[in-house]
Amino acid sequence: MELDEAILKRSSVRYFSDEPVREEEIRALIEAAIRAPTASGLENWFFVVFKSEEARRKIYDLIGEGMVEYYRAVNLPEEKIGKLKRRIYEEGMYGAPVYIAVFIDRRVRFLKGEEFDEVEFIWSVESAAMAIENLMLKAVELGLGTVYIGVTNFKGIDKKVRELAGLDGNYYLVGVIPVGRPRNETKPRGRRRKAEDVTKIL
Ligand SMILES: Cc1cc2nc3c(=O)[nH]c(=O)nc-3n(C[C@H](O)[C@H](O)[C@H](O)COP(=O)(O)O)c2cc1C
């Protein structure tokens, strides 16, 4: 698949079929992810694959919890929230055969000194986010769908994801990525702003 095709075809997929994601596909996704640039060559990312029925159920519940918190935070009316909850809990939105949680290990450092704490943390998160985009583009090539879940970073939920992953407080959750075959045909979402609107050439 050409790069342009993968970039243009990628769009967030929130409904998946029950068809499993094969081991070799998961491996290919992570192999693609770790080819991403990584600040100072740290490679301090860590990928936890939730595959068992029990682990998936727990992650799905945490995504549901986070999404409801999100809907409330953006002041959606309760009636609309009820509708969205039905999408999650009755129609299986966000239910996927695999979830990949991406963490960074904050102990792995390159720059010494407290003054670099923040920049190193941000670099690590940025590196992990780049890895996630690689993973998502590879998924398109494999006919798989993904969506970046950020609501699991809400206070309290992030800790539960980390504990489910069996990791200690040195690990910081960057995102959770449901992966599976799209239930319906994917239709890439348009962009409100054109390239020229968000570019300045000096
Ligand atoms: C950092 C980040 C966090 C996101 N968190 C969520 C989320 O919690 N739930 C969700 O349904 N989509 C989430 N998304 C997906 C965005 O809503 C989506 O990328 C955006 O609407 C553009 O649509 P597209 O990905 O189909 O092009 C997130 C995306 C990013 C980059």
# chains A, B, ... in the order shown; residues from 1 in each chain; ligands from 1
>>> residues_near_ligand(ligand="ligand 1", cutoff="7 Å", atoms="only C-alpha atoms and all ligand atoms", output="VMD selection string")
chain A and resid 10 to 12 14 67 147 to 152 188 to 189
>>> write_last_selection(atoms="C-alpha atoms", output="short mmCIF file (atom, residue, chain, number, x, y, z; two decimals), in the first residue's frame")
data_model
loop_
_atom_site.label_atom_id
_atom_site.label_comp_id
_atom_site.auth_asym_id
_atom_site.auth_seq_id
_atom_site.Cartn_x
_atom_site.Cartn_y
_atom_site.Cartn_z
CA ARG A 10 -6.89 6.11 8.23
CA SER A 11 -9.79 7.32 10.25
CA SER A 12 -10.95 6.55 13.76
CA ARG A 14 -15.07 2.76 16.99
CA MET A 67 -16.24 8.55 27.75
CA VAL A 147 -8.90 4.74 17.43
CA TYR A 148 -6.79 6.71 19.89
CA ILE A 149 -8.41 6.64 23.32
CA GLY A 150 -7.36 9.57 25.46
CA VAL A 151 -10.14 9.51 28.06
CA THR A 152 -8.43 6.64 29.87
CA PRO A 188 -12.43 9.21 6.52
CA ARG A 189 -13.54 12.29 8.36
#
>>> closest_atom_pairs(of="region 60-110 of chain A", to="region 22-46 of chain A", cutoff="7 Å", atoms="only C-alpha atoms", output="CSV")
residue,atom,partner,partner_atom,distance
A:Val102,CA,A:Phe46,CA,5.8
A:Phe103,CA,A:Phe46,CA,5.0
A:Ile104,CA,A:Trp45,CA,4.4
A:Asp105,CA,A:Asn44,CA,5.4
A:Val108,CA,A:Asn44,CA,6.1
A:Phe110,CA,A:Ser40,CA,6.7
>>> write_last_selection(atoms="N, CA and C atoms", output="PDB file, in the first residue's frame")
ATOM      1  N   VAL A 102      -0.362   2.025  25.490  1.00  0.00           N
ATOM      2  CA  VAL A 102       1.015   2.480  25.259  1.00  0.00           C
ATOM      3  C   VAL A 102       1.459   3.322  26.457  1.00  0.00           C
ATOM      4  N   PHE A 103       2.557   2.915  27.054  1.00  0.00           N
ATOM      5  CA  PHE A 103       3.103   3.585  28.235  1.00  0.00           C
ATOM      6  C   PHE A 103       4.497   4.115  27.929  1.00  0.00           C
ATOM      7  N   ILE A 104       4.965   5.018  28.788  1.00  0.00           N
ATOM      8  CA  ILE A 104       6.396   5.339  28.783  1.00  0.00           C
ATOM      9  C   ILE A 104       6.936   5.025  30.171  1.00  0.00           C
ATOM     10  N   ASP A 105       8.187   4.603  30.197  1.00  0.00           N
ATOM     11  CA  ASP A 105       8.859   4.322  31.463  1.00  0.00           C
ATOM     12  C   ASP A 105       9.625   5.590  31.850  1.00  0.00           C
ATOM     13  N   VAL A 108      13.564   5.904  32.538  1.00  0.00           N
ATOM     14  CA  VAL A 108      14.588   5.890  31.490  1.00  0.00           C
ATOM     15  C   VAL A 108      14.831   7.332  31.068  1.00  0.00           C
ATOM     16  N   PHE A 110      17.738  10.508  29.746  1.00  0.00           N
ATOM     17  CA  PHE A 110      18.983  10.809  29.055  1.00  0.00           C
ATOM     18  C   PHE A 110      19.599  12.061  29.665  1.00  0.00           C
TER      19      PHE A 110
END
>>> select_by_dssp(residues="region 32-77 of chain A", states="helix (DSSP H, G or I)", output="PyMOL selection string")
chain A and resi 32-33+39-41+53-73
>>> select_by_dssp(residues="region 87-166 of chain A", states="strand (DSSP E or B)", output="PDB file with C-alpha atoms, in the first residue's frame")
ATOM      1  CA  VAL A  98      -7.534  -6.377  21.123  1.00  0.00           C
ATOM      2  CA  TYR A  99      -6.506  -3.243  23.001  1.00  0.00           C
ATOM      3  CA  ILE A 100      -2.951  -1.952  22.992  1.00  0.00           C
ATOM      4  CA  ALA A 101      -2.070   0.369  25.865  1.00  0.00           C
ATOM      5  CA  VAL A 102       1.015   2.480  25.259  1.00  0.00           C
ATOM      6  CA  PHE A 103       3.103   3.585  28.235  1.00  0.00           C
ATOM      7  CA  ILE A 104       6.396   5.339  28.783  1.00  0.00           C
ATOM      8  CA  ASP A 105       8.859   4.322  31.463  1.00  0.00           C
ATOM      9  CA  GLY A 145      -9.098  -0.214  12.311  1.00  0.00           C
ATOM     10  CA  THR A 146      -7.929   1.757  15.335  1.00  0.00           C
ATOM     11  CA  ILE A 149      -8.412   6.645  23.319  1.00  0.00           C
TER      12      ILE A 149
END
>>> residues_around(residues="Val68 (chain A)", least_positions_apart="5", cutoff="12 Å", atoms="only C-alpha atoms", output="ChimeraX atom specification")
/A:61-63,73-78,80-89,151-152,154
>>> atom_distance(atom1="CA of Pro20 (chain A)", atom2="CA of Arg183 (chain A)")
12.4 Å
>>> closest_residue(among="A:Arg56, A:Pro178, A:Asn184, A:Ser17", to="Met136 (chain A)", atoms="only C-alpha atoms")
A:Pro178
>>> atom_distance(atom1="CA of Arg106 (chain A)", atom2="CA of Tyr171 (chain A)")
6.0 Å
>>> residues_around(residues="Leu3 (chain A)", least_positions_apart="5", cutoff="12 Å", atoms="only C-alpha atoms", output="list in words")
Leu8, Lys9, Arg10, Asn134, Leu137, Lys138, Val140 and Glu141 of chain A
>>> residues_around(residues="Val161 (chain A)", least_positions_apart="2", cutoff="8 Å", atoms="only C-alpha atoms", output="number ranges by chain")
A: 59, 62, 152, 157-159, 163-165, 173
>>> closest_residue(among="A:Glu79, A:Glu185, A:Glu115, A:Glu53", to="Gly143 (chain A)", atoms="only C-alpha atoms")
A:Glu185
